[in-house]
>>> print(open('input.pdb').read())   # PDB, C-alpha atoms and all ligand atoms
ATOM      1  CA  MET S 212       0.000   0.000   0.000  1.00  0.00           C
ATOM      2  CA  ARG S 213       1.473   3.298  -1.098  1.00  0.00           C
ATOM      3  CA  ILE S 214       0.485   6.549   0.593  1.00  0.00           C
ATOM      4  CA  LEU S 215       1.167  10.159  -0.361  1.00  0.00           C
ATOM      5  CA  LEU S 216       1.544  12.416   2.664  1.00  0.00           C
ATOM      6  CA  VAL S 217       1.126  16.114   1.946  1.00  0.00           C
ATOM      7  CA  GLU S 218       2.377  18.121   4.930  1.00  0.00           C
ATOM      8  CA  ASP S 219       4.705  21.122   5.117  1.00  0.00           C
ATOM      9  CA  GLU S 220       5.513  20.986   8.837  1.00  0.00           C
ATOM     10  CA  ILE S 221       8.639  18.874   9.042  1.00  0.00           C
ATOM     11  CA  ARG S 222       8.098  17.510  12.551  1.00  0.00           C
ATOM     12  CA  MET S 223       4.508  16.576  11.816  1.00  0.00           C
ATOM     13  CA  ALA S 224       5.516  14.911   8.536  1.00  0.00           C
ATOM     14  CA  GLY S 225       8.214  12.935  10.378  1.00  0.00           C
ATOM     15  CA  PHE S 226       5.793  11.801  13.078  1.00  0.00           C
ATOM     16  CA  ILE S 227       3.199  10.596  10.571  1.00  0.00           C
ATOM     17  CA  THR S 228       5.772   8.948   8.305  1.00  0.00           C
ATOM     18  CA  ARG S 229       7.251   6.934  11.201  1.00  0.00           C
ATOM     19  CA  GLY S 230       3.794   5.695  12.213  1.00  0.00           C
ATOM     20  CA  LEU S 231       2.956   4.640   8.659  1.00  0.00           C
ATOM     21  CA  LYS S 232       6.271   2.913   8.038  1.00  0.00           C
ATOM     22  CA  GLU S 233       5.868   0.877  11.217  1.00  0.00           C
ATOM     23  CA  GLU S 234       2.706  -0.506   9.628  1.00  0.00           C
ATOM     24  CA  ASP S 235       4.612  -1.301   6.416  1.00  0.00           C
ATOM     25  CA  TYR S 236       3.023   1.402   4.280  1.00  0.00           C
ATOM     26  CA  ILE S 237       5.234   2.908   1.585  1.00  0.00           C
ATOM     27  CA  VAL S 238       5.227   6.680   2.060  1.00  0.00           C
ATOM     28  CA  ASP S 239       6.069   9.585  -0.236  1.00  0.00           C
ATOM     29  CA  VAL S 240       6.059  13.085   1.225  1.00  0.00           C
ATOM     30  CA  ALA S 241       5.154  16.302  -0.594  1.00  0.00           C
ATOM     31  CA  ASN S 242       5.681  19.567   1.285  1.00  0.00           C
ATOM     32  CA  ASP S 243       3.630  21.860  -0.902  1.00  0.00           C
ATOM     33  CA  GLY S 244       0.418  21.682  -2.918  1.00  0.00           C
ATOM     34  CA  ALA S 245       2.021  21.827  -6.354  1.00  0.00           C
ATOM     35  CA  LYS S 246       4.372  18.929  -5.651  1.00  0.00           C
ATOM     36  CA  ALA S 247       1.414  16.969  -4.253  1.00  0.00           C
ATOM     37  CA  LEU S 248      -0.551  17.404  -7.486  1.00  0.00           C
ATOM     38  CA  PHE S 249       2.425  16.395  -9.575  1.00  0.00           C
ATOM     39  CA  LEU S 250       3.124  13.233  -7.544  1.00  0.00           C
ATOM     40  CA  ALA S 251      -0.548  12.227  -7.401  1.00  0.00           C
ATOM     41  CA  GLU S 252      -0.805  12.417 -11.170  1.00  0.00           C
ATOM     42  CA  VAL S 253       2.224  10.273 -11.910  1.00  0.00           C
ATOM     43  CA  ASN S 254       1.994   7.647  -9.143  1.00  0.00           C
ATOM     44  CA  PRO S 255      -0.844   5.201  -8.389  1.00  0.00           C
ATOM     45  CA  TYR S 256      -1.387   5.918  -4.672  1.00  0.00           C
ATOM     46  CA  ASP S 257      -3.793   3.899  -2.561  1.00  0.00           C
ATOM     47  CA  LEU S 258      -4.480   6.874  -0.307  1.00  0.00           C
ATOM     48  CA  ILE S 259      -3.551  10.543   0.173  1.00  0.00           C
ATOM     49  CA  ILE S 260      -3.211  12.284   3.536  1.00  0.00           C
ATOM     50  CA  LEU S 261      -3.676  15.970   2.809  1.00  0.00           C
ATOM     51  CA  ASP S 262      -3.049  18.914   5.128  1.00  0.00           C
ATOM     52  CA  ILE S 263      -5.161  22.034   4.441  1.00  0.00           C
ATOM     53  CA  ILE S 264      -2.670  24.833   5.100  1.00  0.00           C
ATOM     54  CA  LEU S 265       0.151  24.376   2.593  1.00  0.00           C
ATOM     55  CA  PRO S 266       2.504  26.596   0.567  1.00  0.00           C
ATOM     56  CA  ILE S 267       1.789  27.319  -3.145  1.00  0.00           C
ATOM     57  CA  LYS S 268      -1.596  25.550  -3.226  1.00  0.00           C
ATOM     58  CA  ASP S 269      -3.749  24.780  -0.187  1.00  0.00           C
ATOM     59  CA  GLY S 270      -5.227  21.360   0.511  1.00  0.00           C
ATOM     60  CA  ILE S 271      -8.769  22.306  -0.534  1.00  0.00           C
ATOM     61  CA  THR S 272      -7.534  23.423  -3.970  1.00  0.00           C
ATOM     62  CA  VAL S 273      -5.380  20.318  -4.375  1.00  0.00           C
ATOM     63  CA  CYS S 274      -8.346  18.112  -3.512  1.00  0.00           C
ATOM     64  CA  ARG S 275     -10.656  19.883  -5.975  1.00  0.00           C
ATOM     65  CA  GLU S 276      -8.095  19.660  -8.765  1.00  0.00           C
ATOM     66  CA  LEU S 277      -7.486  15.952  -8.168  1.00  0.00           C
ATOM     67  CA  ARG S 278     -11.197  15.211  -8.293  1.00  0.00           C
ATOM     68  CA  SER S 279     -11.694  17.324 -11.431  1.00  0.00           C
ATOM     69  CA  LYS S 280      -8.943  15.229 -13.046  1.00  0.00           C
ATOM     70  CA  LYS S 281     -10.868  12.080 -12.099  1.00  0.00           C
ATOM     71  CA  ILE S 282      -8.200  10.939  -9.662  1.00  0.00           C
ATOM     72  CA  ASN S 283     -10.469   9.078  -7.266  1.00  0.00           C
ATOM     73  CA  VAL S 284      -7.967   7.896  -4.681  1.00  0.00           C
ATOM     74  CA  PRO S 285      -9.290   8.079  -1.081  1.00  0.00           C
ATOM     75  CA  ILE S 286      -8.298  11.376   0.579  1.00  0.00           C
ATOM     76  CA  LEU S 287      -7.979  11.904   4.325  1.00  0.00           C
ATOM     77  CA  MET S 288      -7.803  15.600   5.106  1.00  0.00           C
ATOM     78  CA  LEU S 289      -5.968  17.027   8.102  1.00  0.00           C
ATOM     79  CA  THR S 290      -7.538  20.109   9.637  1.00  0.00           C
ATOM     80  CA  SER S 291      -5.408  22.316  11.878  1.00  0.00           C
ATOM     81  CA  LYS S 292      -8.127  22.808  14.444  1.00  0.00           C
ATOM     82  CA  ASP S 293     -11.449  21.171  14.942  1.00  0.00           C
ATOM     83  CA  LYS S 294     -13.104  23.885  12.880  1.00  0.00           C
ATOM     84  CA  VAL S 295     -16.513  23.122  11.449  1.00  0.00           C
ATOM     85  CA  ARG S 296     -15.766  25.335   8.466  1.00  0.00           C
ATOM     86  CA  ASP S 297     -12.634  23.356   7.571  1.00  0.00           C
ATOM     87  CA  LYS S 298     -14.489  20.067   7.772  1.00  0.00           C
ATOM     88  CA  VAL S 299     -17.322  21.251   5.551  1.00  0.00           C
ATOM     89  CA  LEU S 300     -14.927  22.770   3.018  1.00  0.00           C
ATOM     90  CA  GLY S 301     -12.831  19.610   3.004  1.00  0.00           C
ATOM     91  CA  LEU S 302     -15.709  17.236   2.462  1.00  0.00           C
ATOM     92  CA  ASN S 303     -17.275  19.514  -0.175  1.00  0.00           C
ATOM     93  CA  SER S 304     -14.021  19.593  -2.098  1.00  0.00           C
ATOM     94  CA  GLY S 305     -14.067  15.797  -2.433  1.00  0.00           C
ATOM     95  CA  ALA S 306     -12.207  14.479   0.614  1.00  0.00           C
ATOM     96  CA  ASP S 307     -13.468  11.167   2.036  1.00  0.00           C
ATOM     97  CA  ASP S 308     -12.732  11.835   5.686  1.00  0.00           C
ATOM     98  CA  TYR S 309     -10.973  14.369   7.911  1.00  0.00           C
ATOM     99  CA  LEU S 310      -8.940  14.252  11.084  1.00  0.00           C
ATOM    100  CA  ALA S 311      -8.336  17.218  13.394  1.00  0.00           C
ATOM    101  CA  LYS S 312      -4.838  17.951  14.677  1.00  0.00           C
ATOM    102  CA  PRO S 313      -3.556  17.018  17.156  1.00  0.00           C
ATOM    103  CA  PHE S 314      -4.344  13.309  16.849  1.00  0.00           C
ATOM    104  CA  ALA S 315      -2.877  10.055  18.132  1.00  0.00           C
ATOM    105  CA  SER S 316      -1.027   7.810  15.724  1.00  0.00           C
ATOM    106  CA  GLU S 317      -3.522   4.997  16.414  1.00  0.00           C
ATOM    107  CA  GLU S 318      -6.413   7.248  15.411  1.00  0.00           C
ATOM    108  CA  LEU S 319      -4.740   8.069  12.115  1.00  0.00           C
ATOM    109  CA  LEU S 320      -3.976   4.411  11.384  1.00  0.00           C
ATOM    110  CA  ALA S 321      -7.554   3.382  12.159  1.00  0.00           C
ATOM    111  CA  ARG S 322      -8.970   6.019   9.775  1.00  0.00           C
ATOM    112  CA  ILE S 323      -6.560   4.937   7.051  1.00  0.00           C
ATOM    113  CA  SER S 324      -7.442   1.281   7.252  1.00  0.00           C
ATOM    114  CA  ALA S 325     -11.184   2.086   7.257  1.00  0.00           C
ATOM    115  CA  LEU S 326     -10.775   4.212   4.106  1.00  0.00           C
ATOM    116  CA  LEU S 327      -8.709   1.556   2.347  1.00  0.00           C
ATOM    117  CA  ARG S 328     -11.264  -1.126   3.205  1.00  0.00           C
ATOM    118  CA  ARG S 329     -14.142   1.013   1.939  1.00  0.00           C
ATOM    119  CA  ASP S 330     -12.290   1.752  -1.282  1.00  0.00           C
ATOM    120  CA  ARG S 331     -11.568  -1.924  -1.958  1.00  0.00           C
ATOM    121  CA  GLN S 332     -15.210  -2.815  -1.481  1.00  0.00           C
ATOM    122  CA  ASP S 333     -16.321  -0.063  -3.848  1.00  0.00           C
ATOM    123  CA  LYS S 334     -13.989  -1.411  -6.475  1.00  0.00           C
ATOM    124  CA  THR S 335     -14.580  -5.133  -6.216  1.00  0.00           C
ATOM    125  CA  GLY S 336     -17.984  -5.535  -4.591  1.00  0.00           C
ATOM    126  CA  ILE S 337     -20.172  -5.890  -7.687  1.00  0.00           C
ATOM    127  CA  LEU S 338     -19.419  -7.827 -10.861  1.00  0.00           C
ATOM    128  CA  LYS S 339     -21.658  -7.137 -13.841  1.00  0.00           C
ATOM    129  CA  ILE S 340     -22.110  -8.426 -17.359  1.00  0.00           C
ATOM    130  CA  ALA S 341     -25.220  -7.585 -19.397  1.00  0.00           C
ATOM    131  CA  ASP S 342     -28.139  -7.948 -16.952  1.00  0.00           C
ATOM    132  CA  LEU S 343     -26.279 -10.433 -14.754  1.00  0.00           C
ATOM    133  CA  GLU S 344     -25.035  -9.028 -11.445  1.00  0.00           C
ATOM    134  CA  MET S 345     -22.990 -10.587  -8.658  1.00  0.00           C
ATOM    135  CA  ASP S 346     -22.543  -9.082  -5.213  1.00  0.00           C
ATOM    136  CA  GLN S 347     -19.339 -10.764  -4.057  1.00  0.00           C
ATOM    137  CA  LEU S 348     -19.630  -9.596  -0.471  1.00  0.00           C
ATOM    138  CA  ARG S 349     -23.203 -10.654   0.132  1.00  0.00           C
ATOM    139  CA  HIS S 350     -22.972 -13.748  -2.087  1.00  0.00           C
ATOM    140  CA  LYS S 351     -26.001 -12.792  -4.147  1.00  0.00           C
ATOM    141  CA  VAL S 352     -26.623 -13.152  -7.875  1.00  0.00           C
ATOM    142  CA  ARG S 353     -29.334 -11.480  -9.927  1.00  0.00           C
ATOM    143  CA  ARG S 354     -30.341 -11.756 -13.547  1.00  0.00           C
ATOM    144  CA  ALA S 355     -32.668  -9.045 -14.883  1.00  0.00           C
ATOM    145  CA  GLY S 356     -33.204  -7.955 -11.282  1.00  0.00           C
ATOM    146  CA  GLU S 357     -34.346 -11.386 -10.137  1.00  0.00           C
ATOM    147  CA  GLU S 358     -32.366 -13.159  -7.455  1.00  0.00           C
ATOM    148  CA  ILE S 359     -30.930 -16.558  -8.400  1.00  0.00           C
ATOM    149  CA  PRO S 360     -30.127 -18.963  -5.558  1.00  0.00           C
ATOM    150  CA  LEU S 361     -26.812 -20.764  -6.146  1.00  0.00           C
ATOM    151  CA  THR S 362     -24.910 -23.406  -4.194  1.00  0.00           C
ATOM    152  CA  SER S 363     -21.477 -22.340  -2.989  1.00  0.00           C
ATOM    153  CA  LYS S 364     -19.743 -24.304  -5.763  1.00  0.00           C
ATOM    154  CA  GLU S 365     -21.982 -22.808  -8.449  1.00  0.00           C
ATOM    155  CA  PHE S 366     -21.300 -19.365  -7.014  1.00  0.00           C
ATOM    156  CA  ALA S 367     -17.527 -19.928  -7.078  1.00  0.00           C
ATOM    157  CA  LEU S 368     -17.701 -21.180 -10.657  1.00  0.00           C
ATOM    158  CA  LEU S 369     -19.787 -18.236 -11.832  1.00  0.00           C
ATOM    159  CA  GLU S 370     -17.516 -15.810  -9.972  1.00  0.00           C
ATOM    160  CA  TYR S 371     -14.510 -17.246 -11.795  1.00  0.00           C
ATOM    161  CA  LEU S 372     -16.300 -16.889 -15.143  1.00  0.00           C
ATOM    162  CA  MET S 373     -17.333 -13.318 -14.344  1.00  0.00           C
ATOM    163  CA  LEU S 374     -13.840 -12.300 -13.245  1.00  0.00           C
ATOM    164  CA  ASN S 375     -12.599 -13.628 -16.596  1.00  0.00           C
ATOM    165  CA  ALA S 376     -15.571 -12.397 -18.644  1.00  0.00           C
ATOM    166  CA  THR S 377     -15.000 -12.351 -22.423  1.00  0.00           C
ATOM    167  CA  PHE S 378     -11.929 -14.620 -22.022  1.00  0.00           C
ATOM    168  CA  VAL S 379     -12.065 -18.353 -22.634  1.00  0.00           C
ATOM    169  CA  VAL S 380     -11.409 -20.393 -19.502  1.00  0.00           C
ATOM    170  CA  THR S 381     -10.264 -23.993 -19.951  1.00  0.00           C
ATOM    171  CA  ARG S 382     -11.420 -26.905 -17.817  1.00  0.00           C
ATOM    172  CA  THR S 383      -7.893 -27.089 -16.380  1.00  0.00           C
ATOM    173  CA  MET S 384      -8.091 -23.444 -15.297  1.00  0.00           C
ATOM    174  CA  ILE S 385     -11.492 -24.039 -13.734  1.00  0.00           C
ATOM    175  CA  SER S 386     -10.368 -27.155 -11.859  1.00  0.00           C
ATOM    176  CA  GLU S 387      -7.350 -25.349 -10.446  1.00  0.00           C
ATOM    177  CA  HIS S 388      -9.121 -22.132  -9.478  1.00  0.00           C
ATOM    178  CA  VAL S 389     -12.540 -23.344  -8.424  1.00  0.00           C
ATOM    179  CA  TRP S 390     -11.849 -26.885  -7.194  1.00  0.00           C
ATOM    180  CA  HIS S 391      -8.206 -26.246  -6.262  1.00  0.00           C
ATOM    181  CA  GLU S 392      -7.298 -29.595  -7.798  1.00  0.00           C
ATOM    182  CA  ASP S 393      -5.944 -30.626 -11.137  1.00  0.00           C
ATOM    183  CA  PHE S 394      -7.534 -34.015 -11.760  1.00  0.00           C
ATOM    184  CA  ASP S 395      -8.471 -34.923 -15.318  1.00  0.00           C
ATOM    185  CA  SER S 396     -11.378 -36.779 -13.789  1.00  0.00           C
ATOM    186  CA  LEU S 397     -12.872 -33.417 -12.834  1.00  0.00           C
ATOM    187  CA  THR S 398     -13.678 -32.703 -16.481  1.00  0.00           C
ATOM    188  CA  ASN S 399     -17.051 -34.407 -16.192  1.00  0.00           C
ATOM    189  CA  VAL S 400     -17.782 -32.762 -12.862  1.00  0.00           C
ATOM    190  CA  ILE S 401     -17.094 -29.357 -14.376  1.00  0.00           C
ATOM    191  CA  ASP S 402     -19.398 -30.033 -17.314  1.00  0.00           C
ATOM    192  CA  VAL S 403     -22.133 -31.154 -14.940  1.00  0.00           C
ATOM    193  CA  TYR S 404     -21.783 -27.996 -12.827  1.00  0.00           C
ATOM    194  CA  MET S 405     -21.680 -25.851 -15.938  1.00  0.00           C
ATOM    195  CA  ASN S 406     -25.042 -27.318 -16.928  1.00  0.00           C
ATOM    196  CA  PHE S 407     -26.483 -26.555 -13.484  1.00  0.00           C
ATOM    197  CA  LEU S 408     -25.273 -22.998 -13.861  1.00  0.00           C
ATOM    198  CA  ARG S 409     -26.661 -22.626 -17.381  1.00  0.00           C
ATOM    199  CA  ASN S 410     -30.057 -23.803 -16.213  1.00  0.00           C
ATOM    200  CA  LYS S 411     -30.086 -21.207 -13.497  1.00  0.00           C
ATOM    201  CA  ILE S 412     -28.467 -18.287 -15.319  1.00  0.00           C
ATOM    202  CA  ASP S 413     -29.484 -18.590 -18.972  1.00  0.00           C
ATOM    203  CA  LYS S 414     -32.659 -20.685 -19.068  1.00  0.00           C
ATOM    204  CA  GLY S 415     -35.674 -18.595 -20.036  1.00  0.00           C
ATOM    205  CA  HIS S 416     -33.524 -15.670 -21.161  1.00  0.00           C
ATOM    206  CA  LYS S 417     -33.251 -14.600 -24.772  1.00  0.00           C
ATOM    207  CA  LYS S 418     -29.589 -13.724 -24.505  1.00  0.00           C
ATOM    208  CA  GLN S 419     -27.255 -16.595 -23.567  1.00  0.00           C
ATOM    209  CA  LEU S 420     -24.237 -15.573 -21.505  1.00  0.00           C
ATOM    210  CA  ILE S 421     -22.436 -18.892 -20.918  1.00  0.00           C
ATOM    211  CA  HIS S 422     -20.957 -20.300 -24.133  1.00  0.00           C
ATOM    212  CA  THR S 423     -19.060 -23.505 -24.868  1.00  0.00           C
ATOM    213  CA  VAL S 424     -15.935 -23.080 -26.945  1.00  0.00           C
ATOM    214  CA  HIS S 425     -15.420 -26.501 -28.516  1.00  0.00           C
ATOM    215  CA  GLY S 426     -12.096 -28.115 -27.756  1.00  0.00           C
ATOM    216  CA  LYS S 427     -11.179 -25.282 -25.405  1.00  0.00           C
ATOM    217  CA  GLY S 428     -13.553 -24.575 -22.561  1.00  0.00           C
ATOM    218  CA  TYR S 429     -16.124 -21.952 -21.676  1.00  0.00           C
ATOM    219  CA  VAL S 430     -16.598 -18.237 -21.960  1.00  0.00           C
ATOM    220  CA  LEU S 431     -18.992 -15.787 -20.350  1.00  0.00           C
ATOM    221  CA  ARG S 432     -19.901 -13.009 -22.745  1.00  0.00           C
ATOM    222  CA  GLU S 433     -22.707 -11.125 -24.452  1.00  0.00           C
ATOM    223  CA  GLU S 434     -23.280 -12.134 -28.031  1.00  0.00           C
TER     224      GLU S 434
HETATM  225 CA    CA S 501       0.396  22.821   7.173  1.00  0.00          CA
END
>>> encode(input="input.pdb", output="structure tokens")
Amino acid sequence: MRILLVEDEIRMAGFITRGLKEEDYIVDVANDGAKALFLAEVNPYDLIILDIILPIKDGITVCRELRSKKINVPILMLTSKDKVRDKVLGLNSGADDYLAKPFASEELLARISALLRRDRQDKTGILKIADLEMDQLRHKVRRAGEEIPLTSKEFALLEYLMLNATFVVTRTMISEHVWHEDFDSLTNVIDVYMNFLRNKIDKGHKKQLIHTVHGKGYVLREE
């Protein structure tokens, strides 16, 4: 996990950096707003810690510019005092959370891990192809808005197909990733499960999503 820390006060930057490094985060430090913008555009950060009062460009401006450039990395804003105005400005400019100085290292680390967790869920929670939707966290599948009950094996198989949507997956790939075994004898088992899945996912729908690729395997795609 790589974090950009934007803070001009050297002692504060040192204190935060030490805390982050102890938790094995990789940390880059920018000490003004312009450098922060430059670094955030060229590096794929997982999170930015952004102070408000900075030389050249303040934190609010940096945050607005990042968001207008569609850089959607989670931003934790540091406010110098517990000022309501700072909080409102920060959140309105596109920050995800704020923390008032002074704060304990543990408090900062807790906020960071909550933001990272939330971000991961936003990115990987829902898989979608055509009108088929999978909620990976809640283990629910819907086709055309209607919930489809699946066994855990069927769910794992469909999840693997959805993660590889539009690419052909071979029976060997499926046996290794879904069954965690590499028996040739699984070939029949896979075909049987694929039929279960087809009956539940495609039956009664005009558009078929699961396709057999003869001599190769299966593919999930719109055609
Ligand atoms: Ca500052």
>>> atom_distance(input="input.pdb", atom1="CA of Leu277 (chain S)", atom2="CA of Leu320 (chain S)")
23.0 Å
>>> resolve_selection(input="input.pdb", expression="the PyMOL selection byres (((chain S and resi 256) around 7) and not hetatm)", output="list in words")
Arg213, Ile214, Leu215, Ala251, Asn254, Pro255, Asp257, Leu258 and Val284 of chain S
>>> residues_near_ligand(input="input.pdb", ligand="ligand CA 501 (chain S)", cutoff="6 Å", atoms="all atoms listed in the file", output="PyMOL selection string")
chain S and resi 218-220+262+264-265
>>> resolve_selection(input="input.pdb", expression="the PyMOL selection byres (((chain S and resi 310) around 6) and not hetatm)", output="list in words")
Leu289, Tyr309 and Ala311 of chain S
>>> residues_around(input="input.pdb", residues="region 400-409 of chain S", least_positions_apart="3", cutoff="7 Å", atoms="only C-alpha atoms", output="ChimeraX atom specification")
/S:365,397,412-414,421
>>> residues_around(input="input.pdb", residues="region 382-388 of chain S", least_positions_apart="3", cutoff="12 Å", atoms="only C-alpha atoms", output="PyMOL selection string")
chain S and resi 364-365+367-372+374-375+378-379+391-405+423-430
>>> write_last_selection(input="input.pdb", atoms="C-alpha atoms", output="mmCIF file, in the frame of the given file")
data_model
loop_
_atom_site.group_PDB
_atom_site.id
_atom_site.type_symbol
_atom_site.label_atom_id
_atom_site.label_comp_id
_atom_site.auth_asym_id
_atom_site.auth_seq_id
_atom_site.Cartn_x
_atom_site.Cartn_y
_atom_site.Cartn_z
ATOM 1 C CA LYS S 364 -19.743 -24.304 -5.763
ATOM 2 C CA GLU S 365 -21.982 -22.808 -8.449
ATOM 3 C CA ALA S 367 -17.527 -19.928 -7.078
ATOM 4 C CA LEU S 368 -17.701 -21.180 -10.657
ATOM 5 C CA LEU S 369 -19.787 -18.236 -11.832
ATOM 6 C CA GLU S 370 -17.516 -15.810 -9.972
ATOM 7 C CA TYR S 371 -14.510 -17.246 -11.795
ATOM 8 C CA LEU S 372 -16.300 -16.889 -15.143
ATOM 9 C CA LEU S 374 -13.840 -12.300 -13.245
ATOM 10 C CA ASN S 375 -12.599 -13.628 -16.596
ATOM 11 C CA PHE S 378 -11.929 -14.620 -22.022
ATOM 12 C CA VAL S 379 -12.065 -18.353 -22.634
ATOM 13 C CA HIS S 391 -8.206 -26.246 -6.262
ATOM 14 C CA GLU S 392 -7.298 -29.595 -7.798
ATOM 15 C CA ASP S 393 -5.944 -30.626 -11.137
ATOM 16 C CA PHE S 394 -7.534 -34.015 -11.760
ATOM 17 C CA ASP S 395 -8.471 -34.923 -15.318
ATOM 18 C CA SER S 396 -11.378 -36.779 -13.789
ATOM 19 C CA LEU S 397 -12.872 -33.417 -12.834
ATOM 20 C CA THR S 398 -13.678 -32.703 -16.481
ATOM 21 C CA ASN S 399 -17.051 -34.407 -16.192
ATOM 22 C CA VAL S 400 -17.782 -32.762 -12.862
ATOM 23 C CA ILE S 401 -17.094 -29.357 -14.376
ATOM 24 C CA ASP S 402 -19.398 -30.033 -17.314
ATOM 25 C CA VAL S 403 -22.133 -31.154 -14.940
ATOM 26 C CA TYR S 404 -21.783 -27.996 -12.827
ATOM 27 C CA MET S 405 -21.680 -25.851 -15.938
ATOM 28 C CA THR S 423 -19.060 -23.505 -24.868
ATOM 29 C CA VAL S 424 -15.935 -23.080 -26.945
ATOM 30 C CA HIS S 425 -15.420 -26.501 -28.516
ATOM 31 C CA GLY S 426 -12.096 -28.115 -27.756
ATOM 32 C CA LYS S 427 -11.179 -25.282 -25.405
ATOM 33 C CA GLY S 428 -13.553 -24.575 -22.561
ATOM 34 C CA TYR S 429 -16.124 -21.952 -21.676
ATOM 35 C CA VAL S 430 -16.598 -18.237 -21.960
#
>>> atom_distance(input="input.pdb", atom1="CA of Asp239 (chain S)", atom2="CA of Arg296 (chain S)")
28.3 Å
>>> atom_distance(input="input.pdb", atom1="CA of Asp307 (chain S)", atom2="CA of Leu287 (chain S)")
6.0 Å
>>> resolve_selection(input="input.pdb", expression="the PyMOL selection byres (((chain S and resi 322) around 12) and not hetatm)", output="PyMOL selection string")
chain S and resi 258-260+285-289+307-311+314-321+323-329
>>> residues_around(input="input.pdb", residues="Ser304 (chain S)", least_positions_apart="6", cutoff="7 Å", atoms="only C-alpha atoms", output="ChimeraX atom specification")
/S:271,274-275
>>> axis_aligned_box(input="input.pdb", around="region 241-244 of chain S", padding_each_side="8 Å", output="lines of an AutoDock Vina configuration file")
center_x = 3.0
center_y = 19.1
center_z = -0.8
size_x = 21.3
size_y = 21.6
size_z = 20.2
>>> closest_residue(input="input.pdb", among="S:Arg349, S:His416, S:Val217, S:His422", to="Val380 (chain S)", atoms="all atoms listed in the file")
S:His422
>>> residues_around(input="input.pdb", residues="Ile337 (chain S)", least_positions_apart="5", cutoff="10 Å", atoms="all atoms listed in the file", output="ChimeraX atom specification")
/S:332,344-349,351-352
>>> closest_residue(input="input.pdb", among="S:Gly225, S:Pro360, S:Gly244, S:Gly230", to="Leu261 (chain S)", atoms="all atoms listed in the file")
S:Gly244
